[in-house]
Amino acid sequence: MRVGLRAFSLFLALVFALAFACCAPVKNSHSTFLAMDTVMDLTVYGDAGVLESAEELIRSLEGELSVTDENSAVARLNATGRAELSPETAALIRTALALGEKTGGALDITLYPVVRAWGFTTGEYRVPSDSELASLLELTGISRVETGGCTVTLPDGMMLDLGAVAKGYAADRLSALLCERGVKSAVFNLGGNVLAYGHKPNGEDWRIGINDPLGEGNACIIRCHDRAIVTSGGYQRFFEQDGTRYCHIIDPSTGYPVNNGLASVTVISENGTEADALSTALYVMGYERAVEFWRENGGFEAVFITIDGALTVTEGLESACSPAGNYSEFSVAKR
Ligand code: FAD
Ligand code: MG
């Protein structure tokens, strides 16, 4: 009888332990650090050790791709005009060139001579003269970049800058790392490039806040899973001179910072590199051309906020978007 009672108590303890294990929230681990000149904020549910590997991966990508680090592969290419790159970096350059073609040149990774003249990435901000910009634009053009195997060759004076795609590419590489390690839920914010990996541990969609580019807090919340959510805008990196604001995203057709009525563009896609490339390109295009591009190409969804405070989402986000903060409604761009 006593043995029976003990066995029963043990059974009850086991039932309680199992019930608790099933209902206990999956533990999350968090890491915040500076890399790629921005704040990286990583949260993972389950395998905490993956955070260290994720940070290592981000730092190694920065060491490979940073245009300002003279030891990086990209800086070496820019200094010598020709370099043998890793297969991954050569592939990223080819992808960025192809996305440049696809966006009619709105994404232009050869703009670096112009970006640098405005002082973006060096911090020495200035307004270059029209004649200086005209001669620097002569040093740009995606069709002039030669790629053969892993070798990339640039004409004299030309330079590449992967700043518009590298964080999105990092999100793709991190996504592969999480998959390899069997992680089911993670959310990484790489300075405006968000990776919403898997679902929340309770099976629900992630709720990703889209910053209000005109004020504080969020303009809307997007519910999604397994997506990169990437925002480009003129509201964080800019300088002001004589009452004019100059942002860090440059229109390749003029050499001037974008000023077309858009405050921000967010692109939501399964592919981080594409989301990053397209958020920059759509911001350059302006609202009308950007919506046209979405209609013609598809494969992604977008959120547009104009400087007069209008919030528009593409059709696929209609039921996934909730306005927030100063925004009580949104319009839907239809196919
Ligand atoms: P995005 O819209 O994704 O990209 C805009 C950036 O792309 C611009 O800042 C410019 O560099 C470039 N660009 C502008 N117009 C175009 C265009 N039409 N087509 C293509 N590219 C364009 N910043 C520093 O100030 N110092 C650093 O040392 C530094 N190191 C970095 C290292 C890495 C690996 C990366 C990825 C970024 C680094 N940055 C640094 C930040 C970088 O210069 C950009 O500011 C940042 O990548 C912009 O990201 P975004 O998502 O805000 O904008
Ligand atoms: Mg970008």
# chains A, B, ... in the order shown; residues from 1 in each chain; ligands from 1

$ residues_near_ligand --ligand "ligand 2" --cutoff "10 Å" --atoms "only C-alpha atoms and all ligand atoms" --output "PDB file with C-alpha atoms, in the first residue's frame"
ATOM      1  CA  LEU A 107      19.384  51.252 -56.374  1.00  0.00           C
ATOM      2  CA  LEU A 162      26.892  47.943 -50.096  1.00  0.00           C
ATOM      3  CA  GLY A 163      25.363  50.060 -47.286  1.00  0.00           C
ATOM      4  CA  ALA A 164      21.909  49.834 -48.908  1.00  0.00           C
ATOM      5  CA  VAL A 165      21.856  46.017 -48.975  1.00  0.00           C
ATOM      6  CA  ALA A 166      24.347  44.671 -46.406  1.00  0.00           C
ATOM      7  CA  LYS A 167      22.072  44.661 -43.356  1.00  0.00           C
ATOM      8  CA  GLY A 168      19.350  42.854 -45.300  1.00  0.00           C
ATOM      9  CA  TYR A 169      21.953  40.360 -46.501  1.00  0.00           C
ATOM     10  CA  GLY A 192      15.778  49.314 -39.063  1.00  0.00           C
ATOM     11  CA  ASN A 193      16.196  45.922 -40.765  1.00  0.00           C
ATOM     12  CA  VAL A 230      13.094  46.814 -43.780  1.00  0.00           C
ATOM     13  CA  THR A 231      12.577  50.563 -43.557  1.00  0.00           C
ATOM     14  CA  SER A 232      14.382  53.304 -45.485  1.00  0.00           C
ATOM     15  CA  GLY A 233      13.744  56.959 -44.865  1.00  0.00           C
ATOM     16  CA  ILE A 249      19.679  58.327 -49.658  1.00  0.00           C
ATOM     17  CA  VAL A 265       9.167  53.163 -47.155  1.00  0.00           C
ATOM     18  CA  THR A 266       9.036  49.748 -45.504  1.00  0.00           C
ATOM     19  CA  VAL A 267       9.383  46.607 -47.588  1.00  0.00           C
ATOM     20  CA  GLY A 272      16.183  40.260 -46.507  1.00  0.00           C
ATOM     21  CA  THR A 273      18.628  41.376 -49.214  1.00  0.00           C
ATOM     22  CA  GLU A 274      15.770  42.127 -51.578  1.00  0.00           C
ATOM     23  CA  ALA A 275      13.761  43.913 -48.863  1.00  0.00           C
ATOM     24  CA  ASP A 276      16.755  46.140 -48.037  1.00  0.00           C
ATOM     25  CA  ALA A 277      17.537  46.858 -51.703  1.00  0.00           C
ATOM     26  CA  LEU A 278      13.914  47.606 -52.548  1.00  0.00           C
ATOM     27  CA  SER A 279      13.221  49.815 -49.519  1.00  0.00           C
ATOM     28  CA  THR A 280      16.084  52.065 -50.657  1.00  0.00           C
ATOM     29  CA  ALA A 281      15.046  51.928 -54.334  1.00  0.00           C
ATOM     30  CA  LEU A 282      11.343  52.579 -53.660  1.00  0.00           C
ATOM     31  CA  TYR A 283      12.282  55.532 -51.459  1.00  0.00           C
TER      32      TYR A 283
END

$ residues_around --residues "Asp47 of chain A" --least-positions-apart "2" --cutoff "10 Å" --atoms "only C-alpha atoms" --output "list in words"
Val26, Lys27, Asn28, Ser29, Val44, Tyr45, Gly49, Val50, Leu51, Leu178, Arg181, Gly182, Val183, Lys184 and Ser185 of chain A

$ select_by_dssp --residues "segment 102-245 of chain A" --states "strand (DSSP E)" --output "ChimeraX atom specification"
/A:146-148,151-153,185-190,193-198,206-211,218-224,227-233,238-241,244-245

$ closest_residue --among "A:Thr103, A:Thr80, A:Thr151, A:Thr312" --to "ligand 1" --atoms "only C-alpha atoms and all ligand atoms"
A:Thr103

$ residues_around --residues "segment 214-217 of chain A" --least-positions-apart "2" --cutoff "10 Å" --atoms "only C-alpha atoms" --output "JSON, numbers by chain"
{"A": [209, 210, 211, 212, 219, 220, 235, 263, 264, 305, 306, 307, 308, 309, 324, 325, 326]}

$ residues_around --residues "Leu57 of chain A" --least-positions-apart "4" --cutoff "12 Å" --atoms "only C-alpha atoms" --output "JSON, numbers by chain"
{"A": [35, 50, 51, 52, 53, 61, 62, 63, 64, 167, 169, 170, 171, 172, 173, 174, 175, 176, 177, 178]}

$ closest_residue --among "A:Leu65, A:Val145, A:Leu154, A:Met40" --to "ligand 1" --atoms "only C-alpha atoms and all ligand atoms"
A:Leu65

$ select_by_dssp --residues "segment 52-251 of chain A" --states "helix (DSSP H, G or I)" --output "VMD selection string"
chain A and resid 52 to 65 73 to 80 87 to 102 112 to 117 130 to 137 142 to 144 166 to 180

$ residues_around --residues "Arg245 of chain A" --least-positions-apart "2" --cutoff "12 Å" --atoms "only C-alpha atoms" --output "count of residues only"
20

$ residues_around --residues "Gly286 of chain A" --least-positions-apart "2" --cutoff "8 Å" --atoms "only C-alpha atoms" --output "number ranges by chain"
A: 260-262, 282-284, 288-290

$ write_last_selection --atoms "N, CA, C and O atoms" --output "PDB file, in the first residue's frame"
ATOM      1  N   ASN A 260      11.210  63.776 -52.241  1.00  0.00           N
ATOM      2  CA  ASN A 260      10.104  63.564 -53.180  1.00  0.00           C
ATOM      3  C   ASN A 260       8.755  63.398 -52.491  1.00  0.00           C
ATOM      4  O   ASN A 260       7.811  62.891 -53.086  1.00  0.00           O
ATOM      5  N   GLY A 261       8.676  63.798 -51.219  1.00  0.00           N
ATOM      6  CA  GLY A 261       7.390  63.713 -50.524  1.00  0.00           C
ATOM      7  C   GLY A 261       7.213  62.444 -49.704  1.00  0.00           C
ATOM      8  O   GLY A 261       6.281  62.343 -48.911  1.00  0.00           O
ATOM      9  N   LEU A 262       8.111  61.469 -49.855  1.00  0.00           N
ATOM     10  CA  LEU A 262       8.034  60.265 -49.017  1.00  0.00           C
ATOM     11  C   LEU A 262       8.832  60.502 -47.731  1.00  0.00           C
ATOM     12  O   LEU A 262       9.942  61.047 -47.786  1.00  0.00           O
ATOM     13  N   LEU A 282      12.704  52.030 -53.631  1.00  0.00           N
ATOM     14  CA  LEU A 282      11.343  52.579 -53.660  1.00  0.00           C
ATOM     15  C   LEU A 282      11.324  53.987 -53.052  1.00  0.00           C
ATOM     16  O   LEU A 282      10.551  54.847 -53.480  1.00  0.00           O
ATOM     17  N   TYR A 283      12.188  54.188 -52.051  1.00  0.00           N
ATOM     18  CA  TYR A 283      12.282  55.532 -51.459  1.00  0.00           C
ATOM     19  C   TYR A 283      12.797  56.525 -52.507  1.00  0.00           C
ATOM     20  O   TYR A 283      12.314  57.655 -52.596  1.00  0.00           O
ATOM     21  N   VAL A 284      13.747  56.077 -53.330  1.00  0.00           N
ATOM     22  CA  VAL A 284      14.280  56.931 -54.406  1.00  0.00           C
ATOM     23  C   VAL A 284      13.186  57.204 -55.453  1.00  0.00           C
ATOM     24  O   VAL A 284      13.038  58.328 -55.937  1.00  0.00           O
ATOM     25  N   GLU A 288       4.395  57.318 -56.395  1.00  0.00           N
ATOM     26  CA  GLU A 288       3.690  56.837 -57.595  1.00  0.00           C
ATOM     27  C   GLU A 288       4.485  55.747 -58.319  1.00  0.00           C
ATOM     28  O   GLU A 288       3.955  54.686 -58.640  1.00  0.00           O
ATOM     29  N   ARG A 289       5.770  56.027 -58.562  1.00  0.00           N
ATOM     30  CA  ARG A 289       6.602  55.051 -59.278  1.00  0.00           C
ATOM     31  C   ARG A 289       6.785  53.771 -58.459  1.00  0.00           C
ATOM     32  O   ARG A 289       6.836  52.669 -58.996  1.00  0.00           O
ATOM     33  N   ALA A 290       6.875  53.949 -57.133  1.00  0.00           N
ATOM     34  CA  ALA A 290       7.081  52.789 -56.255  1.00  0.00           C
ATOM     35  C   ALA A 290       5.875  51.859 -56.302  1.00  0.00           C
ATOM     36  O   ALA A 290       6.022  50.627 -56.399  1.00  0.00           O
TER      37      ALA A 290
END
